[in-house]
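Have a look at model.cif; it's mmCIF, C-alpha atoms:
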```
data_my_file
loop_
_atom_site.label_atom_id
_atom_site.label_comp_id
_atom_site.auth_asym_id
_atom_site.auth_seq_id
_atom_site.Cartn_x
_atom_site.Cartn_y
_atom_site.Cartn_z
CA TYR A 1 52.71 17.26 5.62
CA LYS A 2 49.61 18.74 3.96
CA ARG A 3 48.79 15.41 2.23
CA GLY A 4 49.15 13.56 5.55
CA PHE A 5 46.79 16.02 7.27
CA ILE A 6 44.19 15.64 4.49
CA LYS A 7 44.34 11.82 4.79
CA LEU A 8 44.01 12.04 8.57
CA TYR A 9 41.08 14.45 8.29
CA ALA A 10 39.38 12.20 5.70
CA ARG A 11 39.79 9.22 8.05
CA TYR A 12 38.30 11.27 10.91
CA LEU A 13 35.31 12.27 8.73
CA LYS A 14 34.71 8.64 7.74
CA LEU A 15 34.78 7.56 11.40
CA GLU A 16 32.34 10.37 12.25
CA VAL A 17 30.00 9.40 9.40
CA ASP A 18 30.22 5.70 10.30
CA LYS A 19 29.30 6.50 13.92
CA ILE A 20 26.27 8.54 12.80
CA ILE A 21 25.11 5.77 10.43
CA ASN A 22 25.84 2.87 12.80
CA ASP A 23 24.01 4.51 15.72
CA LEU A 24 20.76 4.59 13.71
CA GLU A 25 18.25 1.78 14.25
CA PHE A 26 15.83 0.83 11.51
CA CYS A 27 12.74 -1.34 11.21
CA VAL A 28 12.06 -2.27 7.59
CA ILE A 29 8.42 -3.14 6.94
CA ASP A 30 6.45 -4.62 4.08
CA LEU A 31 2.73 -5.31 3.85
CA GLU A 32 0.71 -7.51 1.56
CA THR A 33 -2.91 -6.42 1.35
CA THR A 34 -6.19 -7.23 -0.38
CA GLY A 35 -5.79 -4.06 -2.50
CA GLY A 36 -4.47 -0.52 -2.58
CA ASN A 37 -7.18 1.32 -0.66
CA ALA A 38 -6.14 1.81 2.99
CA GLN A 39 -9.77 2.59 3.94
CA LYS A 40 -11.50 -0.53 2.63
CA ASP A 41 -8.74 -3.07 1.93
CA ARG A 42 -7.11 -5.21 4.61
CA ILE A 43 -3.63 -6.47 5.48
CA ILE A 44 -2.97 -10.16 4.77
CA GLU A 45 0.74 -10.34 5.63
CA ILE A 46 3.29 -8.25 7.55
CA GLY A 47 7.06 -8.62 7.28
CA MET A 48 9.50 -6.71 9.51
CA VAL A 49 13.30 -6.63 9.65
CA LYS A 50 15.47 -4.88 12.25
CA ILE A 51 18.79 -3.25 11.32
CA LYS A 52 21.48 -2.02 13.72
CA ASN A 53 25.14 -1.25 12.93
CA ARG A 54 24.30 -1.83 9.26
CA GLU A 55 23.43 -5.46 10.02
CA ILE A 56 20.16 -7.37 10.07
CA THR A 57 19.54 -8.34 13.69
CA SER A 58 16.08 -9.95 13.60
CA THR A 59 12.99 -10.60 11.52
CA LYS A 60 9.32 -11.08 12.29
CA SER A 61 6.36 -11.89 10.07
CA PHE A 62 2.65 -12.59 10.38
CA LEU A 63 -0.02 -13.93 8.09
CA VAL A 64 -3.20 -11.99 8.87
CA ASN A 65 -6.80 -13.05 8.41
CA PRO A 66 -8.44 -10.07 6.64
CA ASN A 67 -11.99 -11.28 7.31
CA ILE A 68 -12.81 -10.38 3.70
CA PRO A 69 -12.19 -12.34 0.50
CA ILE A 70 -8.71 -12.04 -1.04
CA PRO A 71 -9.17 -11.07 -4.71
CA GLU A 72 -8.00 -13.62 -7.28
CA PHE A 73 -5.43 -11.14 -8.63
CA ILE A 74 -3.88 -10.70 -5.17
CA GLN A 75 -3.85 -14.48 -4.59
CA LYS A 76 -1.92 -14.93 -7.85
CA LEU A 77 0.44 -12.02 -7.12
CA THR A 78 1.30 -13.01 -3.55
CA ASN A 79 0.59 -16.75 -3.67
CA ILE A 80 -1.39 -16.21 -0.44
CA LYS A 81 -4.65 -18.16 -0.71
CA GLN A 82 -7.78 -17.72 1.39
CA ALA A 83 -7.03 -21.07 3.07
CA ASP A 84 -3.55 -19.81 4.12
CA VAL A 85 -5.07 -17.05 6.28
CA ALA A 86 -8.17 -18.90 7.50
CA ASP A 87 -6.55 -19.78 10.85
CA ALA A 88 -4.27 -16.72 11.02
CA PRO A 89 -4.84 -14.05 13.68
CA VAL A 90 -6.87 -10.97 12.82
CA ILE A 91 -5.04 -7.62 12.80
CA GLU A 92 -6.69 -6.55 16.08
CA ASP A 93 -4.90 -9.42 17.86
CA ILE A 94 -1.38 -8.61 16.61
CA ILE A 95 -1.24 -4.84 16.02
CA GLU A 96 0.16 -4.18 19.52
CA GLU A 97 2.98 -6.69 18.88
CA VAL A 98 3.69 -5.06 15.51
CA VAL A 99 3.88 -1.54 17.04
CA GLU A 100 6.01 -2.83 19.92
CA TYR A 101 8.43 -4.52 17.49
CA ILE A 102 8.80 -1.30 15.47
CA GLY A 103 9.41 0.66 18.67
CA GLU A 104 11.08 4.02 18.08
CA ASP A 105 13.13 2.82 15.12
CA ILE A 106 13.22 4.68 11.83
CA ILE A 107 10.62 2.94 9.65
CA VAL A 108 11.88 1.94 6.20
CA ALA A 109 9.89 0.59 3.25
CA HIS A 110 10.36 0.46 -0.51
CA ASN A 111 7.10 2.38 -0.89
CA ILE A 112 6.63 4.14 2.44
CA SER A 113 3.60 6.10 1.20
CA PHE A 114 1.75 2.78 0.95
CA ASP A 115 2.86 0.82 4.03
CA VAL A 116 2.76 3.46 6.79
CA PRO A 117 -0.69 4.88 5.86
CA PHE A 118 -2.03 1.31 5.82
CA LEU A 119 -0.72 0.64 9.33
CA ASN A 120 -1.90 4.04 10.53
CA GLY A 121 -5.33 3.33 9.01
CA VAL A 122 -5.56 0.19 11.17
CA LEU A 123 -4.44 2.11 14.27
CA LYS A 124 -6.97 4.87 13.60
CA ARG A 125 -9.77 2.36 13.10
CA LEU A 126 -8.86 0.75 16.43
CA LYS A 127 -8.67 4.19 18.10
CA LYS A 128 -4.96 3.80 18.85
CA ASP A 129 -2.15 6.36 18.45
CA LYS A 130 -0.72 6.65 14.94
CA LEU A 131 2.95 5.88 14.30
CA GLN A 132 5.08 9.00 14.79
CA ASN A 133 8.41 7.44 13.75
CA LYS A 134 10.78 9.03 11.25
CA VAL A 135 10.53 7.28 7.89
CA ILE A 136 12.78 6.48 4.93
CA CYS A 137 11.67 5.24 1.52
CA THR A 138 14.31 3.21 -0.37
CA ASN A 139 12.36 3.80 -3.59
CA VAL A 140 12.75 7.57 -3.17
CA MET A 141 16.41 7.07 -2.14
CA THR A 142 16.95 5.14 -5.37
CA LYS A 143 15.59 8.01 -7.46
CA TYR A 144 17.93 10.48 -5.71
CA LEU A 145 21.01 8.25 -5.77
CA ILE A 146 20.48 6.94 -9.33
CA PRO A 147 18.43 9.71 -11.01
CA GLU A 148 18.80 8.22 -14.51
CA ILE A 149 17.21 4.91 -13.47
CA LEU A 150 13.95 4.13 -15.28
CA ASN A 151 12.79 1.21 -13.15
CA SER A 152 13.21 1.39 -9.37
CA ASN A 153 10.95 -1.48 -8.31
CA LEU A 154 12.31 -3.83 -5.67
CA ASN A 155 12.69 -6.79 -8.02
CA TYR A 156 14.83 -4.79 -10.43
CA MET A 157 16.91 -3.18 -7.66
CA SER A 158 17.55 -6.61 -6.14
CA LYS A 159 18.88 -7.86 -9.49
CA LEU A 160 20.96 -4.71 -9.95
CA PHE A 161 22.62 -5.04 -6.52
CA LYS A 162 22.71 -8.89 -6.58
CA ILE A 163 20.36 -9.16 -3.59
CA GLU A 164 18.62 -12.52 -3.15
CA HIS A 165 14.90 -11.97 -3.63
CA SER A 166 13.23 -15.22 -4.53
CA LYS A 167 9.72 -14.59 -3.19
CA ALA A 168 8.62 -11.20 -4.53
CA HIS A 169 5.32 -9.98 -3.10
CA ARG A 170 5.76 -11.93 0.11
CA ALA A 171 6.12 -9.56 3.04
CA GLU A 172 9.13 -11.04 4.84
CA ASP A 173 11.13 -11.60 1.65
CA ASP A 174 10.35 -8.09 0.38
CA ALA A 175 11.29 -6.61 3.77
CA LEU A 176 14.59 -8.56 3.74
CA ALA A 177 15.40 -7.40 0.20
CA THR A 178 14.57 -3.79 1.18
CA ALA A 179 16.76 -4.10 4.28
CA LYS A 180 19.71 -5.34 2.20
CA LEU A 181 19.16 -2.50 -0.29
CA LEU A 182 19.15 0.04 2.55
CA ILE A 183 22.43 -1.40 3.89
CA LYS A 184 23.96 -1.04 0.39
CA TYR A 185 22.89 2.63 0.37
CA LEU A 186 24.26 3.20 3.89
CA ASP A 187 27.57 1.72 2.73
CA ILE A 188 27.56 4.22 -0.15
CA PHE A 189 26.88 7.06 2.31
CA SER A 190 29.79 5.86 4.45
CA SER A 191 32.19 5.60 1.51
CA LYS A 192 31.25 9.09 0.29
CA GLY A 193 31.29 10.66 3.77
CA LEU A 194 27.63 11.73 3.55
CA LYS A 195 26.02 12.70 6.84
CA LYS A 196 22.49 13.66 5.73
#
```
Exercise: express the given structure as structure tokens:
Amino acid sequence: YKRGFIKLYARYLKLEVDKIINDLEFCVIDLETTGGNAQKDRIIEIGMVKIKNREITSTKSFLVNPNIPIPEFIQKLTNIKQADVADAPVIEDIIEEVVEYIGEDIIVAHNISFDVPFLNGVLKRLKKDKLQNKVICTNVMTKYLIPEILNSNLNYMSKLFKIEHSKAHRAEDDALATAKLLIKYLDIFSSKGLKK
């Protein structure tokens, strides 16, 4: 009788945890930029992926004309050339669409301390409200879930979890890989009955 009650209670807890996890809506973002300084550097590509019920529901991406030269190093890293962004919209023309797409979702990135300040820097420069969304960093999650790991970069994590990630340092592909990594972690939370 006791064993049956414990199994029933465990099943109830899993259903409760699954409901909490599945009710959350996420927008995974990734930015490619001309450099690491949110004040002077500019966005050249934005990738966004929506997750609901632990499934990818949509994606959106933009090439962005930074109106400044893309350094050679960044062109080699991202394979985004100056000619690729010459006819792309400037950030001022698409930022509203980006913010609207994110909505009130929890923002996720593999390095949230880079991506969100960059977007907020653009919004501040344009005298618009900063993003107030809750945020999750899959890089930080990795360090908590696998504390002994020495390398937590997205490329390595994709190999570790067998996530397809053929175009590293391209915004949409990085956002998709991050989204799939987040789903793997949410599955772990579900299997372990973790609510927080």
Between A:Thr78, A:Thr34, A:Asn111, A:Arg170, single out the one closest to Ser152 of chain A, counting all atoms listed in the file.
A:Asn111
Which residues, written as a ChimeraX atom specification, have at least one atom at most 8 Å from segment 181-193 of chain A, with only C-alpha atoms counted and residues fewer than 6 positions away on the same chain left out?
/A:13-14,17-18,21,54-55,138,157-158,161,163
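In this structure, atom CA of Phe62 of chain A sits 8.4 Å away from atom CA of Ile94 of chain A.
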Of A:Tyr101, A:Phe73, A:Tyr144, A:Phe118, the one nearest to Glu45 of chain A when counting all atoms listed in the file is A:Phe118
Leaving out Asp105 of chain A and any residue of its chain fewer than 3 positions from it, which residues lie within 10 Å of it when counting all atoms listed in the file, given as a PyMOL selection string?
chain A and resi 24-28+50-52+101-102+108+133-135
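Using all atoms listed in the file, the smallest distance between any of A:Lys159, A:Lys81, A:Asn53, A:Ser113 and Gly36 of chain A comes from A:Ser113.
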Rounded to one decimal in Å, what is the spacing between atom CA of Leu77 of chain A and atom CA of Glu92 of chain A?
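Interatomic distance, atom CA of Leu77 of chain A to atom CA of Glu92 of chain A: 24.9 Å.
Note that atom CA of Ala175 of chain A and atom CA of Asn153 of chain A are 13.1 Å apart.
Residues lying at most 12 Å from (5.4, 1.7, -3.0) in file coordinates, with all atoms listed in the file considered, are Ile29, Asp30, Leu31, Glu32, Gly36, Val108, Ala109, His110, Asn111, Ile112, Ser113, Phe114, Asp115, Val116, Pro117, Phe118, Ile136, Cys137, Thr138, Asn139, Val140, Ser152, Asn153, Leu154, His169, Asp174 and Thr178 of chain A.
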Which centre and which edge lengths, in Å to one decimal, describe the axis-aligned box that holds all listed atoms of segment 85-92 of chain A after 5 Å is added on each side, as JSON?
```
{"center_x": -6.2, "center_y": -13.2, "center_z": 11.2, "size_x": 13.9, "size_y": 23.2, "size_z": 19.8}
```
Residue nearest Val49 of chain A - candidates A:Gly35, A:Ala168, A:Leu160, A:Ser61, atoms counted: all atoms listed in the file
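Checking each of A:Gly35, A:Ala168, A:Leu160, A:Ser61 against Val49 of chain A, counting all atoms listed in the file, the winner is A:Ser61.
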Residue neighbourhood Pro89 of chain A, 9 Å, only C-alpha atoms, exclusion window fewer than 2 positions, as a list of chain:residue names
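Skipping anything fewer than 2 positions along the chain leaves A:Phe62, A:Leu63, A:Val64, A:Asn65, A:Pro66, A:Val85, A:Ala86, A:Asp87, A:Ile91, A:Glu92, A:Asp93, A:Ile94.
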List the residues selected by the PyMOL selection byres ((chain A and resi 131) around 8) in the file shown, writing them as a ChimeraX atom specification.
/A:99,116,120,129-130,132-133
Between A:Glu72, A:Leu194, A:Val122, A:Asn79, which is the closest to Asn37 of chain A once you count all atoms listed in the file?
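Answer, going by the shortest atom-to-atom distance: A:Val122.
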